$ cat structure-v6.pdb   # PDB, C-alpha atoms
ATOM      1  CA  MET Z   4       1.250  25.915  -9.841  1.00  0.00           C
ATOM      2  CA  THR Z   5       3.500  28.472  -8.204  1.00  0.00           C
ATOM      3  CA  GLU Z   6       4.188  28.887  -4.536  1.00  0.00           C
ATOM      4  CA  ALA Z   7       2.469  32.266  -4.666  1.00  0.00           C
ATOM      5  CA  THR Z   8      -0.864  30.510  -5.233  1.00  0.00           C
ATOM      6  CA  PHE Z   9      -0.538  28.269  -2.160  1.00  0.00           C
ATOM      7  CA  SER Z  10      -2.409  28.886   1.064  1.00  0.00           C
ATOM      8  CA  LYS Z  11      -0.602  30.303   4.061  1.00  0.00           C
ATOM      9  CA  GLU Z  12      -0.792  26.886   5.781  1.00  0.00           C
ATOM     10  CA  THR Z  13       0.820  25.147   2.794  1.00  0.00           C
ATOM     11  CA  LEU Z  14       3.580  27.741   2.591  1.00  0.00           C
ATOM     12  CA  GLU Z  15       4.332  27.286   6.297  1.00  0.00           C
ATOM     13  CA  LEU Z  16       4.532  23.497   5.874  1.00  0.00           C
ATOM     14  CA  LEU Z  17       6.738  23.838   2.790  1.00  0.00           C
ATOM     15  CA  ASP Z  18       9.076  26.123   4.714  1.00  0.00           C
ATOM     16  CA  GLY Z  19       9.867  23.344   7.195  1.00  0.00           C
ATOM     17  CA  ILE Z  20      10.435  20.584   4.621  1.00  0.00           C
ATOM     18  CA  PRO Z  21      14.011  19.758   3.600  1.00  0.00           C
ATOM     19  CA  CYS Z  22      13.035  18.171   0.239  1.00  0.00           C
ATOM     20  CA  GLU Z  23      10.812  20.889  -1.148  1.00  0.00           C
ATOM     21  CA  ASN Z  24      10.918  19.541  -4.721  1.00  0.00           C
ATOM     22  CA  GLU Z  25       9.438  16.212  -3.576  1.00  0.00           C
ATOM     23  CA  ALA Z  26       6.761  18.068  -1.634  1.00  0.00           C
ATOM     24  CA  LEU Z  27       5.899  20.170  -4.682  1.00  0.00           C
ATOM     25  CA  GLU Z  28       5.656  16.993  -6.786  1.00  0.00           C
ATOM     26  CA  PHE Z  29       3.307  15.523  -4.159  1.00  0.00           C
ATOM     27  CA  ILE Z  30       1.118  18.655  -4.349  1.00  0.00           C
ATOM     28  CA  LYS Z  31       1.105  18.468  -8.144  1.00  0.00           C
ATOM     29  CA  GLU Z  32       0.002  14.823  -8.079  1.00  0.00           C
ATOM     30  CA  HIS Z  33      -2.383  14.777  -5.102  1.00  0.00           C
ATOM     31  CA  GLY Z  34      -3.375  18.391  -4.521  1.00  0.00           C
ATOM     32  CA  GLU Z  35      -2.759  21.001  -1.882  1.00  0.00           C
ATOM     33  CA  LYS Z  36      -5.418  19.730   0.538  1.00  0.00           C
ATOM     34  CA  ALA Z  37      -3.869  16.233   0.475  1.00  0.00           C
ATOM     35  CA  PHE Z  38      -0.479  17.814   1.126  1.00  0.00           C
ATOM     36  CA  VAL Z  39      -1.745  19.616   4.216  1.00  0.00           C
ATOM     37  CA  ASP Z  40      -3.729  16.621   5.467  1.00  0.00           C
ATOM     38  CA  HIS Z  41      -1.547  13.632   4.536  1.00  0.00           C
ATOM     39  CA  TYR Z  42       2.010  14.509   3.487  1.00  0.00           C
ATOM     40  CA  GLU Z  43       3.486  13.955   6.942  1.00  0.00           C
ATOM     41  CA  THR Z  44       2.006  10.439   7.157  1.00  0.00           C
ATOM     42  CA  TYR Z  45       3.121   9.710   3.588  1.00  0.00           C
ATOM     43  CA  VAL Z  46       6.728  10.636   4.395  1.00  0.00           C
ATOM     44  CA  GLU Z  47       6.708   8.769   7.735  1.00  0.00           C
ATOM     45  CA  LEU Z  48       5.781   5.553   5.888  1.00  0.00           C
ATOM     46  CA  PHE Z  49       9.019   5.828   3.852  1.00  0.00           C
ATOM     47  CA  ASP Z  50      11.002   4.806   6.945  1.00  0.00           C
ATOM     48  CA  GLN Z  51       9.359   1.367   7.038  1.00  0.00           C
ATOM     49  CA  TYR Z  52       8.016   0.595   3.571  1.00  0.00           C
ATOM     50  CA  GLN Z  53       8.975   0.798  -0.083  1.00  0.00           C
ATOM     51  CA  ILE Z  54       7.736   3.869  -1.902  1.00  0.00           C
ATOM     52  CA  ALA Z  55       6.328   1.614  -4.632  1.00  0.00           C
ATOM     53  CA  ALA Z  56       4.169  -0.197  -2.048  1.00  0.00           C
ATOM     54  CA  ILE Z  57       2.833   3.101  -0.712  1.00  0.00           C
ATOM     55  CA  ASP Z  58       2.079   4.306  -4.236  1.00  0.00           C
ATOM     56  CA  ALA Z  59       0.362   0.975  -5.034  1.00  0.00           C
ATOM     57  CA  PHE Z  60      -1.894   1.459  -2.016  1.00  0.00           C
ATOM     58  CA  ILE Z  61      -2.798   4.959  -3.199  1.00  0.00           C
ATOM     59  CA  GLU Z  62      -3.555   3.602  -6.690  1.00  0.00           C
ATOM     60  CA  ILE Z  63      -6.017   1.064  -5.245  1.00  0.00           C
ATOM     61  CA  TRP Z  64      -7.688   3.431  -2.802  1.00  0.00           C
ATOM     62  CA  SER Z  65      -6.587   7.072  -2.474  1.00  0.00           C
ATOM     63  CA  ILE Z  66      -4.248   9.396  -0.642  1.00  0.00           C
ATOM     64  CA  GLU Z  67      -7.090  10.117   1.793  1.00  0.00           C
ATOM     65  CA  ASP Z  68      -6.837   6.495   2.985  1.00  0.00           C
ATOM     66  CA  ILE Z  69      -3.064   6.580   3.645  1.00  0.00           C
ATOM     67  CA  ASP Z  70      -3.597   6.317   7.425  1.00  0.00           C
ATOM     68  CA  HIS Z  71      -4.755   2.717   6.818  1.00  0.00           C
ATOM     69  CA  PHE Z  72      -1.664   1.637   4.883  1.00  0.00           C
ATOM     70  CA  SER Z  73       0.068  -0.160   7.776  1.00  0.00           C
ATOM     71  CA  ASP Z  74      -3.103  -2.050   8.680  1.00  0.00           C
ATOM     72  CA  ALA Z  75      -3.758  -3.106   5.084  1.00  0.00           C
ATOM     73  CA  TYR Z  76      -0.249  -3.973   3.838  1.00  0.00           C
ATOM     74  CA  TYR Z  77       0.554  -7.699   3.635  1.00  0.00           C
ATOM     75  CA  GLY Z  78       3.749  -7.528   1.595  1.00  0.00           C
ATOM     76  CA  GLU Z  79       5.124  -8.071  -1.869  1.00  0.00           C
ATOM     77  CA  TYR Z  80       4.649 -11.350  -3.741  1.00  0.00           C
ATOM     78  CA  GLU Z  81       5.482 -12.737  -7.165  1.00  0.00           C
ATOM     79  CA  SER Z  82       1.835 -13.619  -7.715  1.00  0.00           C
ATOM     80  CA  GLY Z  83      -1.516 -13.875  -6.022  1.00  0.00           C
ATOM     81  CA  ALA Z  84      -0.971 -17.628  -5.836  1.00  0.00           C
ATOM     82  CA  ASP Z  85       2.290 -17.083  -3.917  1.00  0.00           C
ATOM     83  CA  PHE Z  86       0.437 -14.852  -1.481  1.00  0.00           C
ATOM     84  CA  ALA Z  87      -2.360 -17.422  -1.087  1.00  0.00           C
ATOM     85  CA  GLU Z  88       0.162 -20.152  -0.265  1.00  0.00           C
ATOM     86  CA  GLN Z  89       2.031 -18.014   2.274  1.00  0.00           C
ATOM     87  CA  PHE Z  90      -1.209 -16.782   3.818  1.00  0.00           C
ATOM     88  CA  ALA Z  91      -2.465 -20.358   4.215  1.00  0.00           C
ATOM     89  CA  ARG Z  92       0.839 -21.481   5.731  1.00  0.00           C
ATOM     90  CA  ASP Z  93       0.751 -18.555   8.176  1.00  0.00           C
ATOM     91  CA  CYS Z  94      -2.829 -19.282   9.227  1.00  0.00           C
ATOM     92  CA  PHE Z  95      -3.004 -23.059   9.187  1.00  0.00           C
ATOM     93  CA  PRO Z  96      -0.590 -25.871  10.020  1.00  0.00           C
ATOM     94  CA  ILE Z  97       0.105 -27.115   6.494  1.00  0.00           C
ATOM     95  CA  PRO Z  98       2.688 -29.874   6.758  1.00  0.00           C
ATOM     96  CA  SER Z  99       5.860 -29.172   4.810  1.00  0.00           C
ATOM     97  CA  SER Z 100       6.176 -32.874   4.080  1.00  0.00           C
ATOM     98  CA  MET Z 101       2.849 -33.442   2.331  1.00  0.00           C
ATOM     99  CA  PRO Z 102       2.723 -36.450   0.064  1.00  0.00           C
ATOM    100  CA  SER Z 103       3.604 -35.633  -3.534  1.00  0.00           C
ATOM    101  CA  TRP Z 104       0.177 -36.745  -4.769  1.00  0.00           C
ATOM    102  CA  ILE Z 105      -1.547 -33.848  -2.953  1.00  0.00           C
ATOM    103  CA  GLU Z 106      -1.979 -30.771  -5.146  1.00  0.00           C
ATOM    104  CA  ILE Z 107      -3.210 -27.436  -3.866  1.00  0.00           C
ATOM    105  CA  ASP Z 108      -4.448 -24.972  -6.444  1.00  0.00           C
ATOM    106  CA  TRP Z 109      -2.948 -21.772  -5.057  1.00  0.00           C
ATOM    107  CA  LYS Z 110      -4.145 -19.750  -8.057  1.00  0.00           C
ATOM    108  CA  GLU Z 111      -7.734 -20.753  -7.321  1.00  0.00           C
ATOM    109  CA  SER Z 112      -7.111 -20.060  -3.629  1.00  0.00           C
ATOM    110  CA  TRP Z 113      -6.028 -16.536  -4.609  1.00  0.00           C
ATOM    111  CA  GLU Z 114      -9.223 -16.137  -6.639  1.00  0.00           C
ATOM    112  CA  ASN Z 115     -11.181 -16.928  -3.473  1.00  0.00           C
ATOM    113  CA  LEU Z 116      -9.081 -14.532  -1.386  1.00  0.00           C
ATOM    114  CA  GLN Z 117      -9.674 -11.633  -3.760  1.00  0.00           C
ATOM    115  CA  TYR Z 118     -12.921 -10.865  -1.983  1.00  0.00           C
ATOM    116  CA  ASP Z 119     -10.834  -9.685   0.972  1.00  0.00           C
ATOM    117  CA  PHE Z 120      -7.515  -8.659  -0.629  1.00  0.00           C
ATOM    118  CA  GLU Z 121      -6.303  -6.366  -3.386  1.00  0.00           C
ATOM    119  CA  GLU Z 122      -3.080  -6.681  -5.377  1.00  0.00           C
ATOM    120  CA  TYR Z 123      -1.270  -4.018  -7.370  1.00  0.00           C
ATOM    121  CA  ASP Z 124       2.161  -4.540  -8.981  1.00  0.00           C
ATOM    122  CA  GLY Z 125       2.867  -7.443  -6.644  1.00  0.00           C
ATOM    123  CA  TYR Z 126       1.884  -5.599  -3.449  1.00  0.00           C
ATOM    124  CA  VAL Z 127      -0.969  -7.175  -1.505  1.00  0.00           C
ATOM    125  CA  PHE Z 128      -3.343  -5.296   0.785  1.00  0.00           C
ATOM    126  CA  CYS Z 129      -6.247  -6.392   2.949  1.00  0.00           C
ATOM    127  CA  ALA Z 130      -9.397  -4.673   1.740  1.00  0.00           C
ATOM    128  CA  ASN Z 131     -11.019  -4.794   5.172  1.00  0.00           C
ATOM    129  CA  TRP Z 132      -9.074  -2.232   7.146  1.00  0.00           C
TER     130      TRP Z 132
END

$ encode --input "structure-v6.pdb" --output "structure tokens"
Amino acid sequence: MTEATFSKETLELLDGIPCENEALEFIKEHGEKAFVDHYETYVELFDQYQIAAIDAFIEIWSIEDIDHFSDAYYGEYESGADFAEQFARDCFPIPSSMPSWIEIDWKESWENLQYDFEEYDGYVFCANW
């Protein structure tokens, strides 16, 4: 794809972008329409989030949904079970000094949470944005 084949709107946007190679890579991967409609939001997210998290979100949904990233993103976790434990601790007063005989199956808890959450490469997103 050469710049000569881009629309006038795309060429104008490319003219104002300091990292043109990254923009061209974005167009190659997501298309010219996505560039015009979503590239600005995509780049703005870089200031607050890891690129890998943003790309994980796009893998689960699509570039057209990028406006929902901030609402959906819950963070990065070693496993779904780790997320389930942290989520439960954030939502409910789980005593840190529980007796040792109490076992919580965080893996099973994650299985139950998967109706409302998606995970990709350790990044967890709420599916109900």

$ closest_residue --input "structure-v6.pdb" --among "Z:Ala59, Z:Glu32, Z:Cys22, Z:Asp70" --to "Thr44 in chain Z" --atoms "all atoms listed in the file"
Z:Asp70

$ closest_residue --input "structure-v6.pdb" --among "Z:Leu27, Z:Gly78, Z:Glu67, Z:Ile20" --to "Tyr52 in chain Z" --atoms "only C-alpha atoms"
Z:Gly78

$ atom_distance --input "structure-v6.pdb" --atom1 "CA of Tyr80 in chain Z" --atom2 "CA of Ala37 in chain Z"
29.2 Å

$ residues_around --input "structure-v6.pdb" --residues "Ile69 in chain Z" --least-positions-apart "2" --cutoff "9 Å" --atoms "only C-alpha atoms" --output "number ranges by chain"
Z: 41, 44-45, 57, 60-61, 64-67, 71-73

$ residues_near_point --input "structure-v6.pdb" --point "(-1.7, -21.7, -9.8)" --cutoff "12 Å" --atoms "all atoms listed in the file" --output "short mmCIF file (atom, residue, chain, number, x, y, z; two decimals) with C-alpha atoms, in the coordinates of the input"
data_model
loop_
_atom_site.label_atom_id
_atom_site.label_comp_id
_atom_site.auth_asym_id
_atom_site.auth_seq_id
_atom_site.Cartn_x
_atom_site.Cartn_y
_atom_site.Cartn_z
CA GLU Z 81 5.48 -12.74 -7.16
CA SER Z 82 1.84 -13.62 -7.72
CA GLY Z 83 -1.52 -13.88 -6.02
CA ALA Z 84 -0.97 -17.63 -5.84
CA ASP Z 85 2.29 -17.08 -3.92
CA PHE Z 86 0.44 -14.85 -1.48
CA ALA Z 87 -2.36 -17.42 -1.09
CA GLU Z 88 0.16 -20.15 -0.26
CA GLU Z 106 -1.98 -30.77 -5.15
CA ILE Z 107 -3.21 -27.44 -3.87
CA ASP Z 108 -4.45 -24.97 -6.44
CA TRP Z 109 -2.95 -21.77 -5.06
CA LYS Z 110 -4.14 -19.75 -8.06
CA GLU Z 111 -7.73 -20.75 -7.32
CA SER Z 112 -7.11 -20.06 -3.63
CA TRP Z 113 -6.03 -16.54 -4.61
CA GLU Z 114 -9.22 -16.14 -6.64
#

$ atom_distance --input "structure-v6.pdb" --atom1 "CA of Val39 in chain Z" --atom2 "CA of Thr13 in chain Z"
6.3 Å

$ closest_atom_pairs --input "structure-v6.pdb" --of "range 35-72 of chain Z" --to "range 15-18 of chain Z" --cutoff "12 Å" --atoms "only C-alpha atoms" --output "CSV"
residue,atom,partner,partner_atom,distance
Z:Glu35,CA,Z:Leu16,CA,10.9
Z:Lys36,CA,Z:Leu16,CA,11.9
Z:Phe38,CA,Z:Leu16,CA,8.9
Z:Val39,CA,Z:Leu16,CA,7.6
Z:Asp40,CA,Z:Leu16,CA,10.8
Z:His41,CA,Z:Leu16,CA,11.7
Z:Tyr42,CA,Z:Leu16,CA,9.6
Z:Glu43,CA,Z:Leu16,CA,9.7

$ atom_distance --input "structure-v6.pdb" --atom1 "CA of Ala130 in chain Z" --atom2 "CA of Asn115 in chain Z"
13.4 Å

$ axis_aligned_box --input "structure-v6.pdb" --around "range 6-16 of chain Z" --padding-each-side "4 Å" --output "JSON"
{"center_x": 1.1, "center_y": 27.9, "center_z": 0.5, "size_x": 14.9, "size_y": 16.8, "size_z": 19.5}

$ residues_around --input "structure-v6.pdb" --residues "Asn131 in chain Z" --least-positions-apart "5" --cutoff "9 Å" --atoms "only C-alpha atoms" --output "ChimeraX atom specification"
/Z:75,119-120

$ closest_residue --input "structure-v6.pdb" --among "Z:Tyr126, Z:Leu14, Z:Pro102, Z:Ile97" --to "Ile54 in chain Z" --atoms "all atoms listed in the file"
Z:Tyr126

$ decode --input "structure-v6.pdb" --residues "range 75-102 of chain Z" --atoms "N, CA, C and O atoms" --output "PDB file, in the first residue's frame"
ATOM      1  N   ALA Z  75     -13.255  -1.227  30.073  1.00  0.00           N
ATOM      2  CA  ALA Z  75     -13.168  -2.685  30.157  1.00  0.00           C
ATOM      3  C   ALA Z  75     -11.915  -3.180  30.882  1.00  0.00           C
ATOM      4  O   ALA Z  75     -11.938  -4.250  31.486  1.00  0.00           O
ATOM      5  N   TYR Z  76     -10.840  -2.424  30.867  1.00  0.00           N
ATOM      6  CA  TYR Z  76      -9.544  -2.918  31.354  1.00  0.00           C
ATOM      7  C   TYR Z  76      -9.507  -3.051  32.871  1.00  0.00           C
ATOM      8  O   TYR Z  76      -9.780  -2.112  33.595  1.00  0.00           O
ATOM      9  N   TYR Z  77      -9.150  -4.238  33.344  1.00  0.00           N
ATOM     10  CA  TYR Z  77      -9.040  -4.516  34.783  1.00  0.00           C
ATOM     11  C   TYR Z  77      -7.609  -4.747  35.224  1.00  0.00           C
ATOM     12  O   TYR Z  77      -7.338  -4.863  36.414  1.00  0.00           O
ATOM     13  N   GLY Z  78      -6.676  -4.869  34.303  1.00  0.00           N
ATOM     14  CA  GLY Z  78      -5.283  -5.034  34.673  1.00  0.00           C
ATOM     15  C   GLY Z  78      -4.654  -6.300  34.139  1.00  0.00           C
ATOM     16  O   GLY Z  78      -5.256  -7.054  33.386  1.00  0.00           O
ATOM     17  N   GLU Z  79      -3.415  -6.506  34.593  1.00  0.00           N
ATOM     18  CA  GLU Z  79      -2.635  -7.665  34.174  1.00  0.00           C
ATOM     19  C   GLU Z  79      -2.441  -8.584  35.375  1.00  0.00           C
ATOM     20  O   GLU Z  79      -2.111  -8.123  36.470  1.00  0.00           O
ATOM     21  N   TYR Z  80      -2.631  -9.874  35.166  1.00  0.00           N
ATOM     22  CA  TYR Z  80      -2.552 -10.864  36.234  1.00  0.00           C
ATOM     23  C   TYR Z  80      -1.800 -12.091  35.750  1.00  0.00           C
ATOM     24  O   TYR Z  80      -1.803 -12.398  34.557  1.00  0.00           O
ATOM     25  N   GLU Z  81      -1.194 -12.794  36.681  1.00  0.00           N
ATOM     26  CA  GLU Z  81      -0.480 -14.032  36.358  1.00  0.00           C
ATOM     27  C   GLU Z  81      -1.429 -15.112  35.858  1.00  0.00           C
ATOM     28  O   GLU Z  81      -1.054 -15.936  35.028  1.00  0.00           O
ATOM     29  N   SER Z  82      -2.647 -15.105  36.376  1.00  0.00           N
ATOM     30  CA  SER Z  82      -3.622 -16.123  35.982  1.00  0.00           C
ATOM     31  C   SER Z  82      -5.027 -15.607  36.251  1.00  0.00           C
ATOM     32  O   SER Z  82      -5.216 -14.615  36.964  1.00  0.00           O
ATOM     33  N   GLY Z  83      -5.991 -16.311  35.703  1.00  0.00           N
ATOM     34  CA  GLY Z  83      -7.383 -15.982  35.994  1.00  0.00           C
ATOM     35  C   GLY Z  83      -7.692 -16.147  37.470  1.00  0.00           C
ATOM     36  O   GLY Z  83      -8.459 -15.374  38.047  1.00  0.00           O
ATOM     37  N   ALA Z  84      -7.073 -17.142  38.101  1.00  0.00           N
ATOM     38  CA  ALA Z  84      -7.278 -17.360  39.530  1.00  0.00           C
ATOM     39  C   ALA Z  84      -6.758 -16.174  40.343  1.00  0.00           C
ATOM     40  O   ALA Z  84      -7.400 -15.748  41.314  1.00  0.00           O
ATOM     41  N   ASP Z  85      -5.620 -15.617  39.941  1.00  0.00           N
ATOM     42  CA  ASP Z  85      -5.085 -14.428  40.632  1.00  0.00           C
ATOM     43  C   ASP Z  85      -6.050 -13.254  40.500  1.00  0.00           C
ATOM     44  O   ASP Z  85      -6.271 -12.501  41.446  1.00  0.00           O
ATOM     45  N   PHE Z  86      -6.612 -13.100  39.302  1.00  0.00           N
ATOM     46  CA  PHE Z  86      -7.597 -12.033  39.115  1.00  0.00           C
ATOM     47  C   PHE Z  86      -8.814 -12.269  39.996  1.00  0.00           C
ATOM     48  O   PHE Z  86      -9.304 -11.356  40.651  1.00  0.00           O
ATOM     49  N   ALA Z  87      -9.316 -13.511  40.020  1.00  0.00           N
ATOM     50  CA  ALA Z  87     -10.503 -13.830  40.818  1.00  0.00           C
ATOM     51  C   ALA Z  87     -10.272 -13.501  42.285  1.00  0.00           C
ATOM     52  O   ALA Z  87     -11.146 -12.926  42.949  1.00  0.00           O
ATOM     53  N   GLU Z  88      -9.096 -13.837  42.802  1.00  0.00           N
ATOM     54  CA  GLU Z  88      -8.791 -13.548  44.207  1.00  0.00           C
ATOM     55  C   GLU Z  88      -8.758 -12.044  44.456  1.00  0.00           C
ATOM     56  O   GLU Z  88      -9.363 -11.548  45.405  1.00  0.00           O
ATOM     57  N   GLN Z  89      -8.068 -11.299  43.589  1.00  0.00           N
ATOM     58  CA  GLN Z  89      -7.986  -9.850  43.776  1.00  0.00           C
ATOM     59  C   GLN Z  89      -9.357  -9.198  43.631  1.00  0.00           C
ATOM     60  O   GLN Z  89      -9.713  -8.300  44.393  1.00  0.00           O
ATOM     61  N   PHE Z  90     -10.119  -9.648  42.663  1.00  0.00           N
ATOM     62  CA  PHE Z  90     -11.461  -9.114  42.441  1.00  0.00           C
ATOM     63  C   PHE Z  90     -12.334  -9.337  43.677  1.00  0.00           C
ATOM     64  O   PHE Z  90     -13.030  -8.427  44.132  1.00  0.00           O
ATOM     65  N   ALA Z  91     -12.271 -10.538  44.232  1.00  0.00           N
ATOM     66  CA  ALA Z  91     -13.059 -10.847  45.435  1.00  0.00           C
ATOM     67  C   ALA Z  91     -12.612  -9.980  46.605  1.00  0.00           C
ATOM     68  O   ALA Z  91     -13.441  -9.447  47.351  1.00  0.00           O
ATOM     69  N   ARG Z  92     -11.310  -9.818  46.766  1.00  0.00           N
ATOM     70  CA  ARG Z  92     -10.796  -8.995  47.870  1.00  0.00           C
ATOM     71  C   ARG Z  92     -11.198  -7.526  47.700  1.00  0.00           C
ATOM     72  O   ARG Z  92     -11.444  -6.827  48.676  1.00  0.00           O
ATOM     73  N   ASP Z  93     -11.254  -7.067  46.455  1.00  0.00           N
ATOM     74  CA  ASP Z  93     -11.657  -5.677  46.199  1.00  0.00           C
ATOM     75  C   ASP Z  93     -13.149  -5.458  46.451  1.00  0.00           C
ATOM     76  O   ASP Z  93     -13.567  -4.371  46.831  1.00  0.00           O
ATOM     77  N   CYS Z  94     -13.943  -6.495  46.217  1.00  0.00           N
ATOM     78  CA  CYS Z  94     -15.395  -6.357  46.320  1.00  0.00           C
ATOM     79  C   CYS Z  94     -15.974  -6.737  47.681  1.00  0.00           C
ATOM     80  O   CYS Z  94     -17.023  -6.228  48.067  1.00  0.00           O
ATOM     81  N   PHE Z  95     -15.296  -7.644  48.360  1.00  0.00           N
ATOM     82  CA  PHE Z  95     -15.848  -8.175  49.604  1.00  0.00           C
ATOM     83  C   PHE Z  95     -14.790  -8.161  50.704  1.00  0.00           C
ATOM     84  O   PHE Z  95     -13.613  -8.356  50.428  1.00  0.00           O
ATOM     85  N   PRO Z  96     -15.212  -7.971  51.937  1.00  0.00           N
ATOM     86  CA  PRO Z  96     -14.245  -7.957  53.041  1.00  0.00           C
ATOM     87  C   PRO Z  96     -13.785  -9.367  53.410  1.00  0.00           C
ATOM     88  O   PRO Z  96     -14.317  -9.989  54.316  1.00  0.00           O
ATOM     89  N   ILE Z  97     -12.801  -9.875  52.664  1.00  0.00           N
ATOM     90  CA  ILE Z  97     -12.245 -11.191  52.964  1.00  0.00           C
ATOM     91  C   ILE Z  97     -11.133 -10.982  53.987  1.00  0.00           C
ATOM     92  O   ILE Z  97     -10.160 -10.273  53.717  1.00  0.00           O
ATOM     93  N   PRO Z  98     -11.266 -11.566  55.148  1.00  0.00           N
ATOM     94  CA  PRO Z  98     -10.246 -11.360  56.178  1.00  0.00           C
ATOM     95  C   PRO Z  98      -8.883 -11.894  55.747  1.00  0.00           C
ATOM     96  O   PRO Z  98      -8.794 -12.972  55.171  1.00  0.00           O
ATOM     97  N   SER Z  99      -7.851 -11.126  55.989  1.00  0.00           N
ATOM     98  CA  SER Z  99      -6.504 -11.567  55.627  1.00  0.00           C
ATOM     99  C   SER Z  99      -6.003 -12.645  56.582  1.00  0.00           C
ATOM    100  O   SER Z  99      -5.059 -13.346  56.290  1.00  0.00           O
ATOM    101  N   SER Z 100      -6.658 -12.760  57.718  1.00  0.00           N
ATOM    102  CA  SER Z 100      -6.218 -13.752  58.706  1.00  0.00           C
ATOM    103  C   SER Z 100      -7.218 -14.906  58.810  1.00  0.00           C
ATOM    104  O   SER Z 100      -7.603 -15.309  59.890  1.00  0.00           O
ATOM    105  N   MET Z 101      -7.628 -15.435  57.665  1.00  0.00           N
ATOM    106  CA  MET Z 101      -8.543 -16.577  57.673  1.00  0.00           C
ATOM    107  C   MET Z 101      -7.832 -17.793  58.261  1.00  0.00           C
ATOM    108  O   MET Z 101      -6.624 -17.944  58.064  1.00  0.00           O
ATOM    109  N   PRO Z 102      -8.568 -18.632  58.918  1.00  0.00           N
ATOM    110  CA  PRO Z 102      -7.957 -19.859  59.430  1.00  0.00           C
ATOM    111  C   PRO Z 102      -7.352 -20.682  58.290  1.00  0.00           C
ATOM    112  O   PRO Z 102      -7.860 -20.676  57.166  1.00  0.00           O
TER     113      PRO Z 102
END
